[in-house]
$ cat target04.tsv   # TSV, C-alpha atoms and all ligand atoms
chain	number	residue	atom	x	y	z
A	23	MET	CA	49.65	-59.55	-28.23
A	24	ALA	CA	46.02	-58.46	-28.58
A	25	TYR	CA	43.74	-60.16	-31.11
A	26	GLN	CA	42.23	-57.65	-33.52
A	27	LEU	CA	38.53	-58.29	-34.04
A	28	LEU	CA	36.24	-56.33	-36.33
A	29	LEU	CA	32.59	-56.33	-35.26
A	30	THR	CA	29.97	-55.68	-37.95
A	31	PRO	CA	26.57	-55.77	-36.18
A	32	GLY	CA	24.41	-54.96	-39.25
A	33	ASP	CA	20.63	-54.87	-39.03
A	34	GLY	CA	17.64	-56.24	-37.12
A	35	ILE	CA	18.72	-58.60	-34.35
A	36	GLY	CA	22.34	-58.45	-35.60
A	37	PRO	CA	23.33	-55.69	-33.14
A	38	GLU	CA	21.41	-57.38	-30.29
A	39	VAL	CA	23.14	-60.74	-30.57
A	40	LEU	CA	26.54	-59.26	-31.37
A	41	ASN	CA	26.43	-56.90	-28.39
A	42	ASP	CA	25.79	-59.87	-26.16
A	43	THR	CA	28.63	-61.79	-27.78
A	44	ARG	CA	30.84	-58.82	-26.93
A	45	ARG	CA	29.96	-59.39	-23.25
A	46	VAL	CA	31.13	-63.00	-23.57
A	47	LEU	CA	34.29	-61.79	-25.27
A	48	GLY	CA	34.83	-59.53	-22.24
A	49	TRP	CA	34.53	-62.56	-19.97
A	50	PHE	CA	37.31	-64.34	-21.85
A	51	GLN	CA	39.43	-61.21	-21.73
A	52	GLN	CA	39.03	-60.99	-17.96
A	53	ASN	CA	39.28	-64.65	-17.10
A	54	ARG	CA	41.33	-66.48	-19.70
A	55	ASN	CA	44.44	-64.45	-20.16
A	56	MET	CA	43.68	-63.14	-23.62
A	57	ALA	CA	43.46	-59.60	-24.95
A	58	PHE	CA	41.19	-58.29	-27.66
A	59	GLU	CA	41.14	-55.03	-29.52
A	60	THR	CA	37.73	-54.57	-31.06
A	61	GLU	CA	36.48	-52.09	-33.58
A	62	GLU	CA	33.01	-51.70	-35.09
A	63	ALA	CA	32.15	-51.01	-38.71
A	64	ALA	CA	28.94	-50.50	-40.64
A	65	ILE	CA	27.61	-53.07	-43.10
A	66	GLY	CA	24.28	-53.82	-44.75
A	67	GLY	CA	21.15	-51.69	-44.42
A	68	ILE	CA	22.51	-49.48	-41.68
A	69	ALA	CA	25.58	-48.74	-43.83
A	70	TYR	CA	23.31	-47.83	-46.74
A	71	ASP	CA	21.33	-45.46	-44.49
A	72	THR	CA	24.38	-43.75	-43.00
A	73	LEU	CA	26.99	-43.99	-45.77
A	74	GLY	CA	24.94	-44.53	-48.93
A	75	THR	CA	26.32	-48.03	-49.63
A	76	PRO	CA	25.74	-51.46	-48.02
A	77	GLU	CA	29.39	-52.40	-48.70
A	78	PRO	CA	31.57	-49.47	-47.55
A	79	ASP	CA	35.21	-49.63	-48.69
A	80	GLU	CA	36.44	-48.69	-45.20
A	81	THR	CA	34.64	-51.67	-43.68
A	82	ILE	CA	36.21	-54.03	-46.22
A	83	ALA	CA	39.66	-52.52	-45.58
A	84	LYS	CA	39.28	-52.94	-41.81
A	85	ALA	CA	38.09	-56.52	-42.27
A	86	LYS	CA	41.22	-57.36	-44.25
A	87	LYS	CA	43.43	-56.06	-41.44
A	88	ALA	CA	41.60	-57.85	-38.61
A	89	ASP	CA	42.45	-61.30	-37.25
A	90	ALA	CA	38.76	-62.10	-37.67
A	91	VAL	CA	35.39	-60.48	-38.38
A	92	LEU	CA	32.41	-61.14	-36.11
A	93	PHE	CA	29.31	-60.50	-38.19
A	94	GLY	CA	25.73	-60.04	-36.92
A	95	ALA	CA	23.13	-60.13	-39.71
A	96	VAL	CA	21.93	-57.86	-42.50
A	97	GLY	CA	18.67	-57.09	-44.25
A	98	GLY	CA	15.07	-56.26	-43.52
A	99	PRO	CA	11.85	-55.05	-45.12
A	100	LYS	CA	12.98	-51.42	-44.98
A	101	TRP	CA	15.51	-52.11	-47.76
A	102	ASP	CA	13.54	-54.68	-49.78
A	103	THR	CA	12.69	-52.28	-52.60
A	104	LEU	CA	16.25	-51.06	-53.18
A	105	PRO	CA	17.96	-52.00	-56.46
A	106	PHE	CA	20.00	-55.22	-56.36
A	107	ASP	CA	23.38	-53.46	-56.00
A	108	LYS	CA	22.20	-51.48	-52.95
A	109	LYS	CA	20.63	-54.34	-51.03
A	110	PRO	CA	22.04	-55.03	-47.55
A	111	GLU	CA	23.11	-58.57	-48.53
A	112	ARG	CA	25.64	-57.04	-50.95
A	113	GLY	CA	27.74	-56.13	-47.93
A	114	LEU	CA	28.12	-59.74	-46.84
A	115	LEU	CA	28.73	-61.00	-50.39
A	116	ARG	CA	31.45	-58.38	-50.92
A	117	LEU	CA	33.14	-59.29	-47.63
A	118	ARG	CA	33.18	-62.97	-48.64
A	119	LYS	CA	34.50	-62.15	-52.11
A	120	ASP	CA	37.11	-59.51	-51.22
A	121	LEU	CA	38.46	-61.53	-48.30
A	122	GLY	CA	38.61	-64.67	-50.49
A	123	LEU	CA	36.54	-66.68	-48.00
A	124	PHE	CA	36.17	-69.87	-50.03
A	125	ALA	CA	35.49	-72.33	-47.20
A	126	ASN	CA	32.22	-72.16	-45.32
A	127	LEU	CA	32.08	-74.29	-42.17
A	128	ARG	CA	28.64	-75.07	-40.82
A	129	PRO	CA	28.42	-77.39	-37.84
A	130	ALA	CA	25.10	-79.09	-37.17
A	131	ILE	CA	25.24	-79.97	-33.50
A	132	CYS	CA	22.29	-81.17	-31.49
A	133	PHE	CA	22.59	-80.30	-27.81
A	134	ASP	CA	21.20	-83.12	-25.76
A	135	ALA	CA	18.77	-80.82	-23.97
A	136	LEU	CA	17.22	-79.85	-27.31
A	137	LYS	CA	16.85	-83.27	-28.90
A	138	ASP	CA	13.06	-83.10	-28.53
A	139	ALA	CA	12.94	-79.81	-30.47
A	140	SER	CA	14.05	-81.48	-33.70
A	141	SER	CA	11.52	-82.52	-36.32
A	142	LEU	CA	13.26	-85.94	-36.31
A	143	LYS	CA	12.96	-88.58	-33.60
A	144	PRO	CA	15.16	-87.73	-30.59
A	145	GLU	CA	17.21	-90.94	-30.94
A	146	LEU	CA	18.16	-89.97	-34.50
A	147	VAL	CA	19.56	-86.57	-33.49
A	148	ALA	CA	20.77	-86.95	-29.89
A	149	GLY	CA	24.51	-86.35	-29.88
A	150	LEU	CA	24.52	-85.27	-33.56
A	151	ASP	CA	27.77	-83.51	-34.51
A	152	ILE	CA	28.29	-82.98	-38.23
A	153	LEU	CA	30.51	-80.41	-39.89
A	154	ILE	CA	29.54	-79.34	-43.40
A	155	VAL	CA	32.33	-77.75	-45.43
A	156	ARG	CA	30.83	-75.85	-48.35
A	157	GLU	CA	32.81	-74.30	-51.21
A	158	LEU	CA	31.69	-70.68	-51.12
A	159	THR	CA	33.20	-68.64	-53.92
A	160	GLY	CA	32.86	-70.85	-57.02
A	161	GLY	CA	30.35	-73.07	-58.76
A	162	VAL	CA	27.01	-72.21	-60.26
A	163	TYR	CA	26.44	-69.03	-58.23
A	164	PHE	CA	29.39	-67.33	-59.87
A	165	GLY	CA	30.06	-69.23	-63.15
A	166	GLU	CA	29.83	-67.38	-66.48
A	167	PRO	CA	27.81	-67.10	-68.62
A	168	LYS	CA	25.06	-66.18	-66.24
A	169	GLU	CA	22.34	-64.47	-68.19
A	170	ILE	CA	18.80	-64.29	-69.47
A	171	THR	CA	18.62	-63.79	-73.24
A	172	LYS	CA	15.73	-63.28	-75.63
A	173	LEU	CA	15.13	-65.97	-78.26
A	174	PRO	CA	13.95	-65.17	-81.79
A	175	ASP	CA	10.55	-66.74	-81.07
A	176	GLY	CA	10.00	-64.30	-78.15
A	177	GLN	CA	10.78	-66.76	-75.38
A	178	GLN	CA	13.53	-66.09	-72.89
A	179	ARG	CA	16.46	-68.40	-72.08
A	180	ALA	CA	18.22	-68.42	-68.70
A	181	VAL	CA	21.70	-69.85	-68.18
A	182	ASP	CA	23.70	-70.46	-64.99
A	183	THR	CA	27.07	-72.11	-65.33
A	184	GLN	CA	28.44	-74.73	-62.94
A	185	VAL	CA	32.21	-74.48	-63.14
A	186	TYR	CA	35.07	-75.73	-60.94
A	187	THR	CA	38.83	-75.88	-61.47
A	188	THR	CA	41.25	-78.40	-59.95
A	189	HIS	CA	42.70	-75.70	-57.69
A	190	GLU	CA	39.29	-74.73	-56.29
A	191	ILE	CA	38.43	-78.34	-55.50
A	192	GLU	CA	41.85	-79.14	-54.03
A	193	ARG	CA	41.82	-76.26	-51.57
A	194	ILE	CA	38.32	-76.97	-50.23
A	195	ALA	CA	39.13	-80.69	-50.01
A	196	ARG	CA	42.23	-79.89	-47.93
A	197	VAL	CA	40.16	-77.82	-45.49
A	198	ALA	CA	37.75	-80.73	-45.05
A	199	PHE	CA	40.50	-83.33	-44.57
A	200	GLU	CA	42.38	-81.15	-42.08
A	201	LEU	CA	39.22	-80.59	-40.04
A	202	ALA	CA	38.42	-84.31	-40.12
A	203	ARG	CA	41.80	-84.97	-38.51
A	204	LEU	CA	40.70	-82.82	-35.57
A	205	ARG	CA	37.38	-84.67	-35.29
A	206	GLY	CA	36.25	-88.18	-36.23
A	207	GLY	CA	38.73	-88.74	-39.08
A	208	ARG	CA	36.07	-89.22	-41.78
A	209	VAL	CA	35.11	-87.16	-44.84
A	210	CYS	CA	32.12	-87.78	-47.08
A	211	SER	CA	32.18	-85.88	-50.37
A	212	ALA	CA	28.81	-85.07	-51.96
A	213	GLU	CA	28.69	-84.54	-55.70
A	214	LYS	CA	26.65	-85.56	-58.75
A	215	ASN	CA	29.27	-87.47	-60.70
A	216	ASN	CA	26.54	-89.52	-62.40
A	217	VAL	CA	25.10	-86.59	-64.40
A	218	MET	CA	27.48	-83.62	-64.11
A	219	VAL	CA	31.03	-83.40	-65.47
A	220	SER	CA	31.87	-80.94	-62.69
A	221	GLY	CA	30.89	-83.77	-60.35
A	222	VAL	CA	33.24	-86.17	-62.17
A	223	LEU	CA	36.17	-83.78	-61.72
A	224	TRP	CA	35.15	-83.03	-58.12
A	225	LYS	CA	35.23	-86.72	-57.22
A	226	GLN	CA	38.56	-87.32	-59.00
A	227	VAL	CA	40.29	-84.37	-57.34
A	228	VAL	CA	38.97	-85.01	-53.81
A	229	THR	CA	40.00	-88.67	-54.15
A	230	ALA	CA	43.50	-87.70	-55.32
A	231	VAL	CA	44.03	-85.15	-52.51
A	232	GLY	CA	42.83	-87.68	-49.95
A	233	ALA	CA	45.05	-90.51	-51.23
A	234	LYS	CA	48.17	-88.37	-51.54
A	235	GLU	CA	48.00	-86.02	-48.55
A	236	PHE	CA	45.52	-87.51	-46.07
A	237	PRO	CA	45.75	-91.32	-46.25
A	238	ASP	CA	44.85	-91.44	-42.53
A	239	VAL	CA	41.41	-89.87	-43.17
A	240	LYS	CA	38.65	-92.19	-44.36
A	241	LEU	CA	37.05	-90.79	-47.52
A	242	THR	CA	33.68	-91.85	-48.94
A	243	HIS	CA	31.54	-90.36	-51.70
A	244	MET	CA	27.78	-89.98	-51.94
A	245	LEU	CA	25.54	-88.55	-54.62
A	246	ALA	CA	24.22	-85.22	-53.36
A	247	ASP	CA	20.58	-86.26	-53.69
A	248	ALA	CA	21.24	-89.48	-51.78
A	249	MET	CA	22.90	-87.44	-49.06
A	250	ALA	CA	19.80	-85.23	-48.78
A	251	MET	CA	17.91	-88.42	-48.01
A	252	GLN	CA	20.51	-89.89	-45.65
A	253	LEU	CA	20.63	-86.66	-43.64
A	254	VAL	CA	17.06	-87.20	-42.51
A	255	ARG	CA	17.30	-90.99	-42.37
A	256	ASN	CA	20.50	-91.51	-40.41
A	257	PRO	CA	22.35	-88.19	-39.92
A	258	LYS	CA	24.79	-89.51	-37.30
A	259	GLN	CA	26.61	-91.61	-39.95
A	260	PHE	CA	28.42	-88.40	-41.06
A	261	ASP	CA	31.46	-86.66	-39.58
A	262	VAL	CA	32.74	-84.05	-42.08
A	263	ILE	CA	30.83	-83.47	-45.32
A	264	VAL	CA	32.53	-81.60	-48.17
A	265	THR	CA	30.54	-80.29	-51.09
A	266	ASP	CA	30.19	-77.53	-53.66
A	267	ASN	CA	28.49	-74.17	-53.33
A	268	LEU	CA	25.00	-75.13	-54.53
A	269	PHE	CA	24.70	-78.54	-52.85
A	270	GLY	CA	26.31	-77.09	-49.72
A	271	ASP	CA	23.74	-74.34	-49.56
A	272	ILE	CA	20.90	-76.84	-49.62
A	273	LEU	CA	22.41	-79.64	-47.53
A	274	SER	CA	23.60	-77.30	-44.76
A	275	ASP	CA	20.13	-75.78	-44.40
A	276	GLU	CA	18.68	-79.27	-44.23
A	277	ALA	CA	21.22	-80.28	-41.58
A	278	ALA	CA	20.50	-77.07	-39.64
A	279	GLN	CA	16.87	-78.00	-39.38
A	280	LEU	CA	17.78	-81.32	-37.75
A	281	THR	CA	19.00	-79.47	-34.72
A	282	GLY	CA	15.83	-77.55	-33.93
A	283	SER	CA	16.38	-73.82	-34.25
A	284	LEU	CA	18.10	-71.32	-36.48
A	285	GLY	CA	18.98	-69.36	-33.35
A	286	MET	CA	21.43	-72.07	-32.26
A	287	LEU	CA	23.73	-72.46	-35.25
A	288	PRO	CA	27.07	-70.75	-35.87
A	289	SER	CA	29.21	-70.65	-38.99
A	290	ALA	CA	32.69	-69.73	-40.12
A	291	SER	CA	34.02	-68.66	-43.50
A	292	LEU	CA	37.76	-69.03	-44.02
A	293	GLY	CA	40.21	-67.86	-46.67
A	294	ALA	CA	43.51	-69.36	-47.76
A	295	LYS	CA	46.51	-69.21	-45.43
A	296	ASP	CA	49.21	-66.81	-46.63
A	297	ALA	CA	52.96	-67.50	-46.45
A	298	ASN	CA	52.97	-66.45	-42.77
A	299	GLY	CA	50.07	-68.74	-41.90
A	300	ARG	CA	47.66	-65.80	-41.61
A	301	GLN	CA	44.12	-66.65	-42.66
A	302	LEU	CA	41.28	-64.16	-43.13
A	303	ALA	CA	38.05	-65.29	-41.50
A	304	LEU	CA	34.49	-64.26	-40.82
A	305	TYR	CA	32.23	-65.73	-38.14
A	306	GLU	CA	28.46	-65.31	-38.15
A	307	PRO	CA	25.26	-66.93	-36.98
A	308	ILE	CA	23.50	-68.69	-39.86
A	309	HIS	CA	20.23	-66.88	-39.14
A	310	GLY	CA	19.24	-63.59	-40.74
A	311	SER	CA	18.20	-60.30	-39.19
A	312	ALA	CA	14.83	-61.66	-37.95
A	313	PRO	CA	12.92	-58.40	-38.42
A	314	ASP	CA	9.82	-59.99	-36.86
A	315	ILE	CA	11.46	-60.04	-33.41
A	316	ALA	CA	14.07	-57.26	-33.72
A	317	GLY	CA	14.18	-54.75	-30.88
A	318	GLN	CA	12.18	-56.93	-28.47
A	319	GLY	CA	15.10	-58.37	-26.52
A	320	VAL	CA	13.99	-61.95	-27.22
A	321	ALA	CA	16.46	-63.06	-29.92
A	322	ASN	CA	18.47	-66.15	-29.13
A	323	PRO	CA	22.13	-65.05	-28.84
A	324	ILE	CA	23.53	-68.60	-28.83
A	325	ALA	CA	24.23	-68.86	-32.59
A	326	CYS	CA	26.30	-65.69	-32.43
A	327	ILE	CA	28.03	-66.71	-29.19
A	328	LEU	CA	28.90	-70.11	-30.68
A	329	SER	CA	30.26	-68.30	-33.75
A	330	PHE	CA	32.68	-66.60	-31.36
A	331	ALA	CA	33.57	-70.08	-30.05
A	332	MET	CA	34.44	-71.06	-33.64
A	333	CYS	CA	36.57	-67.93	-33.88
A	334	LEU	CA	38.42	-68.96	-30.74
A	335	ARG	CA	39.04	-72.40	-32.23
A	336	TYR	CA	39.87	-71.65	-35.86
A	337	SER	CA	41.34	-68.12	-35.90
A	338	LEU	CA	42.89	-67.77	-32.45
A	339	GLY	CA	43.99	-71.36	-31.93
A	340	ARG	CA	42.22	-71.48	-28.55
A	341	GLY	CA	40.44	-74.82	-28.89
A	342	ASP	CA	40.22	-75.31	-25.10
A	343	ASP	CA	38.48	-71.97	-24.66
A	344	ALA	CA	36.09	-72.77	-27.51
A	345	ALA	CA	35.23	-76.08	-25.82
A	346	LEU	CA	34.69	-74.27	-22.51
A	347	LEU	CA	32.22	-71.88	-24.10
A	348	GLU	CA	30.36	-74.71	-25.86
A	349	LYS	CA	30.16	-76.56	-22.55
A	350	ALA	CA	28.75	-73.47	-20.84
A	351	VAL	CA	25.98	-73.25	-23.47
A	352	ASP	CA	25.25	-76.95	-23.01
A	353	ARG	CA	25.05	-76.46	-19.21
A	354	VAL	CA	22.59	-73.53	-19.48
A	355	LEU	CA	20.32	-75.52	-21.79
A	356	ALA	CA	20.52	-78.54	-19.49
A	357	ASP	CA	19.52	-76.25	-16.62
A	358	GLY	CA	16.30	-75.51	-18.52
A	359	TYR	CA	16.87	-71.92	-19.69
A	360	ARG	CA	15.29	-71.16	-23.06
A	361	THR	CA	14.75	-68.16	-25.31
A	362	PRO	CA	11.25	-68.16	-26.90
A	363	ASP	CA	12.41	-69.80	-30.17
A	364	ILE	CA	13.53	-72.96	-28.34
A	365	MET	CA	10.98	-72.84	-25.50
A	366	GLN	CA	9.65	-76.20	-24.32
A	367	PRO	CA	7.06	-77.09	-21.66
A	368	GLY	CA	8.37	-76.87	-18.10
A	369	MET	CA	11.44	-74.78	-19.00
A	370	THR	CA	12.32	-71.24	-17.92
A	371	LYS	CA	11.69	-68.62	-20.61
A	372	ILE	CA	14.27	-65.82	-20.71
A	373	GLY	CA	15.34	-63.06	-23.12
A	374	THR	CA	18.57	-62.34	-24.97
A	375	SER	CA	20.44	-60.57	-22.24
A	376	GLU	CA	19.45	-63.03	-19.49
A	377	MET	CA	20.54	-65.97	-21.69
A	378	THR	CA	23.95	-64.36	-22.08
A	379	ALA	CA	24.13	-63.71	-18.33
A	380	GLN	CA	23.37	-67.39	-17.66
A	381	ILE	CA	26.10	-68.47	-20.09
A	382	MET	CA	28.58	-66.21	-18.30
A	383	LYS	CA	27.51	-67.62	-14.93
A	384	ALA	CA	28.06	-71.13	-16.29
A	385	LEU	CA	31.51	-70.05	-17.50
A	386	ASP	CA	32.28	-68.78	-13.99
A	387	LYS	CA	31.35	-72.15	-12.53
A	388	LEU	CA	33.18	-74.19	-15.17
A	389	LYS	CA	36.44	-72.29	-14.90
A	390	GLN	CA	36.83	-73.24	-11.23
A	401	LIG	P1	15.75	-65.11	-40.49
A	401	LIG	O1	16.80	-66.09	-40.19
A	401	LIG	O2	16.06	-63.69	-40.22
A	401	LIG	O3	14.42	-65.49	-39.67
A	401	LIG	C1	13.68	-66.70	-39.91
A	401	LIG	C2	12.83	-67.00	-38.65
A	401	LIG	O4	13.69	-67.46	-37.61
A	401	LIG	C3	12.12	-65.78	-38.11
A	401	LIG	O5	10.86	-66.17	-37.61
A	401	LIG	C4	12.99	-65.31	-36.98
A	401	LIG	O6	12.30	-64.64	-35.94
A	401	LIG	C5	13.59	-66.63	-36.48
A	401	LIG	N1	14.95	-66.41	-35.94
A	401	LIG	C6	16.06	-66.22	-36.68
A	401	LIG	N2	17.11	-66.02	-35.87
A	401	LIG	C7	16.65	-66.09	-34.61
A	401	LIG	C8	17.25	-65.94	-33.32
A	401	LIG	N3	18.57	-65.70	-33.16
A	401	LIG	N4	16.45	-66.05	-32.24
A	401	LIG	C9	15.16	-66.31	-32.36
A	401	LIG	N5	14.51	-66.46	-33.55
A	401	LIG	C10	15.26	-66.34	-34.66
A	401	LIG	O7	15.35	-65.30	-42.04
A	401	LIG	P2	14.34	-64.47	-42.94
A	401	LIG	O8	13.14	-64.07	-42.13
A	401	LIG	O9	14.17	-65.27	-44.15
A	401	LIG	O10	15.13	-63.16	-43.37
A	401	LIG	C11	15.03	-61.91	-42.69
A	401	LIG	C12	16.06	-60.95	-43.29
A	401	LIG	O11	17.38	-61.44	-43.02
A	401	LIG	C13	15.96	-60.82	-44.81
A	401	LIG	O12	16.20	-59.49	-45.16
A	401	LIG	C14	17.07	-61.72	-45.32
A	401	LIG	O13	17.54	-61.31	-46.58
A	401	LIG	C15	18.11	-61.53	-44.25
A	401	LIG	N6	19.08	-62.64	-44.12
A	401	LIG	C16	20.33	-62.29	-43.78
A	401	LIG	C17	21.28	-63.26	-43.56
A	401	LIG	C18	22.65	-62.84	-43.13
A	401	LIG	O14	22.83	-61.69	-42.76
A	401	LIG	N7	23.63	-63.72	-43.13
A	401	LIG	C19	20.94	-64.62	-43.67
A	401	LIG	C20	19.62	-64.96	-43.98
A	401	LIG	C21	18.69	-63.95	-44.20

$ encode --input "target04.tsv" --output "C-alpha cells"
Amino acid sequence: MAYQLLLTPGDGIGPEVLNDTRRVLGWFQQNRNMAFETEEAAIGGIAYDTLGTPEPDETIAKAKKADAVLFGAVGGPKWDTLPFDKKPERGLLRLRKDLGLFANLRPAICFDALKDASSLKPELVAGLDILIVRELTGGVYFGEPKEITKLPDGQQRAVDTQVYTTHEIERIARVAFELARLRGGRVCSAEKNNVMVSGVLWKQVVTAVGAKEFPDVKLTHMLADAMAMQLVRNPKQFDVIVTDNLFGDILSDEAAQLTGSLGMLPSASLGAKDANGRQLALYEPIHGSAPDIAGQGVANPIACILSFAMCLRYSLGRGDDAALLEKAVDRVLADGYRTPDIMQPGMTKIGTSEMTAQIMKALDKLKQ
C-alpha cells in the first residue's frame, strides 16, 4: 500500500529544500521497497497570493487525509505588512490546531563532523543526542483570558493565561515516556513547580503517569530555569526532555543552538492516535523561510531531509530506513561537504542540490 504524503512547500527556501527532499523520497521509493503517493498544496504567503488566504480549507482537508505532511517554511518580508489573520504563519498555526498536533518533537543532535561549529566546547557537544518533547497546543499561548484592557487611570493591562488540564499533561507525558523507551530510557520533566500552580500540577501528573504506566523509564524533574543553565553546562546529561509550550519554545531553541546551525535541525508534530492507531503528523525543518538566501540555491537541505527521516521513523514505522538516511547525512558531513551555513576551513563548499546529490550517493554506498 502506498503512503500518502502531502507536501506543502510554502515560501522562501521552503520549496527549495522540500523539492530536494522529494528527490530523497524518490530514492527510497526506488531502492527500499516502499511506495509513496505525493500531492502538493499551497500554504502561507504563496497561498495568500494565489488563493487569498494563507490557510486554505482545501489544504487543511488534504492534510487530514494524508499519512503525513511534509512542510517547507512560510513567511517573508513581502507579507510582513498584512493584518495578523492574513500572515503566512497563520497557515502553519491552523494546520497544527486543526490536526490536533499537540506533541512537538525536536531532536538536538550534534553530528561529530560539526562539533567545532557549536558555540560550546567540542567535548561538551560531541555525540549530543537530546529529544525535546514540547506540548504544542495548550499553555500560555492559548489560555484565556488573553487580552489587553484599558485601566481607569489610562494605563493598559495585558494578561496571558497559563492553563493546563490533567488530560493535556497526561498525553504529552505518555509521548515522552514512549519515546524514551526507544532511546536511553530517561525522561527529565521541566516545569516551575516552585512558583506556578500549573507547574505543581504538571509535576504531579507526569510523576503519576510515569509511576503507573512507565516504571521502567527513569523520571527526573528540573526547574525550567535550571534546565536552561544545564543545557549549556552539561547538555549530554539529558535523554528525553518533556515540557510545556512556553518553556519548550525557549529550551528547544537553546538546544538547537548547541548543534551549530538552524539548517541542520528537523522536527515532528504529532497528534493523538485514533482507535485504529492512525496518528496525524507534520514534519518540518525548524528553520524559517530564510528570505536572505532564497532563490540562490545555497540553502542547507539537511534539516528538511532529516524531517523526512523522522517521518519514516514515527509515521511510517520504518526506523531502519530513518537510521540509514541519518547515517548517509553523517557520512557526507564526515567527507567534508558543507553548505555555506556550516562551512568550515578546509571543507568543500557546495549548494543545495549538490548536497542532496551527495546524500543520495552516500545512500547508494550504504545500501550495498
Ligand atoms: P530563518 O530561520 O528563516 O533564518 C534565520 C537565519 O538562518 C538566516 O540568516 C537564514 O539565512 C539562516 N538559515 C535558516 N535556514 C537555513 C538553511 N536551511 N540553510 C542555510 N541557512 C539557513 O528565521 P528568520 O530570518 O527569523 O525568519 C524569516 C521568515 O521565516 C519570517 O517571515 C519568519 O516569520 C518565518 N519563519 C517561519 C517558520 C516556519 O515556517 N516554521 C519558522 C521560523 C520563522

$ residues_near_ligand --input "target04.tsv" --ligand "ligand LIG 401 (chain A)" --cutoff "9 Å" --atoms "all atoms listed in the file" --output "number ranges by chain"
A: 32-36, 39, 66, 93-102, 109-111, 114, 283-287, 306-316, 320-326, 361-364, 374

$ axis_aligned_box --input "target04.tsv" --around "range 268-285 of chain A" --padding-each-side "5 Å" --output "AutoDock Vina command-line options"
--center_x 21.1 --center_y -75.3 --center_z -43.9 --size_x 20.5 --size_y 22.0 --size_z 31.2

$ residues_around --input "target04.tsv" --residues "Phe269 in chain A" --least-positions-apart "2" --cutoff "8 Å" --atoms "only C-alpha atoms" --output "list in words"
Ala212, Glu213, Ala246, Thr265, Asp266, Asn267, Asp271, Ile272 and Leu273 of chain A

$ residues_around --input "target04.tsv" --residues "range 196-200 of chain A" --least-positions-apart "5" --cutoff "9 Å" --atoms "all atoms listed in the file" --output "PyMOL selection string"
chain A and resi 125+153-155+191+207-209+228+231-232+235-236+239+241+262-264

$ write_last_selection --input "target04.tsv" --atoms "C-alpha atoms" --output "PDB file, in the coordinates of the input"
ATOM      1  CA  ALA A 125      35.490 -72.330 -47.200  1.00  0.00           C
ATOM      2  CA  LEU A 153      30.510 -80.410 -39.890  1.00  0.00           C
ATOM      3  CA  ILE A 154      29.540 -79.340 -43.400  1.00  0.00           C
ATOM      4  CA  VAL A 155      32.330 -77.750 -45.430  1.00  0.00           C
ATOM      5  CA  ILE A 191      38.430 -78.340 -55.500  1.00  0.00           C
ATOM      6  CA  GLY A 207      38.730 -88.740 -39.080  1.00  0.00           C
ATOM      7  CA  ARG A 208      36.070 -89.220 -41.780  1.00  0.00           C
ATOM      8  CA  VAL A 209      35.110 -87.160 -44.840  1.00  0.00           C
ATOM      9  CA  VAL A 228      38.970 -85.010 -53.810  1.00  0.00           C
ATOM     10  CA  VAL A 231      44.030 -85.150 -52.510  1.00  0.00           C
ATOM     11  CA  GLY A 232      42.830 -87.680 -49.950  1.00  0.00           C
ATOM     12  CA  GLU A 235      48.000 -86.020 -48.550  1.00  0.00           C
ATOM     13  CA  PHE A 236      45.520 -87.510 -46.070  1.00  0.00           C
ATOM     14  CA  VAL A 239      41.410 -89.870 -43.170  1.00  0.00           C
ATOM     15  CA  LEU A 241      37.050 -90.790 -47.520  1.00  0.00           C
ATOM     16  CA  VAL A 262      32.740 -84.050 -42.080  1.00  0.00           C
ATOM     17  CA  ILE A 263      30.830 -83.470 -45.320  1.00  0.00           C
ATOM     18  CA  VAL A 264      32.530 -81.600 -48.170  1.00  0.00           C
TER      19      VAL A 264
END

$ residues_near_point --input "target04.tsv" --point "(12.2, -79.6, -33.2)" --cutoff "9 Å" --atoms "only C-alpha atoms" --output "short mmCIF file (atom, residue, chain, number, x, y, z; two decimals) with C-alpha atoms, in the coordinates of the input"
data_model
loop_
_atom_site.label_atom_id
_atom_site.label_comp_id
_atom_site.auth_asym_id
_atom_site.auth_seq_id
_atom_site.Cartn_x
_atom_site.Cartn_y
_atom_site.Cartn_z
CA LEU A 136 17.22 -79.85 -27.31
CA LYS A 137 16.85 -83.27 -28.90
CA ASP A 138 13.06 -83.10 -28.53
CA ALA A 139 12.94 -79.81 -30.47
CA SER A 140 14.05 -81.48 -33.70
CA SER A 141 11.52 -82.52 -36.32
CA LEU A 142 13.26 -85.94 -36.31
CA GLN A 279 16.87 -78.00 -39.38
CA LEU A 280 17.78 -81.32 -37.75
CA THR A 281 19.00 -79.47 -34.72
CA GLY A 282 15.83 -77.55 -33.93
CA SER A 283 16.38 -73.82 -34.25
CA ILE A 364 13.53 -72.96 -28.34
#

$ closest_residue --input "target04.tsv" --among "A:Leu292, A:Gly122, A:Lys214, A:Val185" --to "Arg156 in chain A" --atoms "all atoms listed in the file"
A:Leu292

$ closest_residue --input "target04.tsv" --among "A:Leu127, A:Leu253, A:Ala297, A:Val181" --to "Tyr336 in chain A" --atoms "only C-alpha atoms"
A:Leu127

$ atom_distance --input "target04.tsv" --atom1 "CA of Leu47 in chain A" --atom2 "CA of Lys295 in chain A"
24.7 Å

$ closest_residue --input "target04.tsv" --among "A:Ala356, A:Ala130, A:Leu346, A:Ala83" --to "Trp49 in chain A" --atoms "all atoms listed in the file"
A:Leu346

$ closest_residue --input "target04.tsv" --among "A:Ala350, A:Ala63, A:Met251, A:Leu146" --to "Gln380 in chain A" --atoms "all atoms listed in the file"
A:Ala350

$ atom_distance --input "target04.tsv" --atom1 "CA of Asp343 in chain A" --atom2 "CA of Ser329 in chain A"
12.8 Å

$ residues_around --input "target04.tsv" --residues "Val91 in chain A" --least-positions-apart "5" --cutoff "8 Å" --atoms "all atoms listed in the file" --output "PyMOL selection string"
chain A and resi 27-30+85+303-305

$ atom_distance --input "target04.tsv" --atom1 "CA of Pro31 in chain A" --atom2 "CA of Met382 in chain A"
20.8 Å

$ residues_around --input "target04.tsv" --residues "Gly299 in chain A" --least-positions-apart "4" --cutoff "12 Å" --atoms "all atoms listed in the file" --output "list in words"
Asp89, Gly293, Ala294, Lys295, Ser337, Leu338 and Gly339 of chain A

$ residues_around --input "target04.tsv" --residues "Gln226 in chain A" --least-positions-apart "5" --cutoff "12 Å" --atoms "only C-alpha atoms" --output "JSON, numbers by chain"
{"A": [187, 188, 191, 192, 195, 211, 213, 215, 219, 220, 221, 231, 232, 233, 243]}
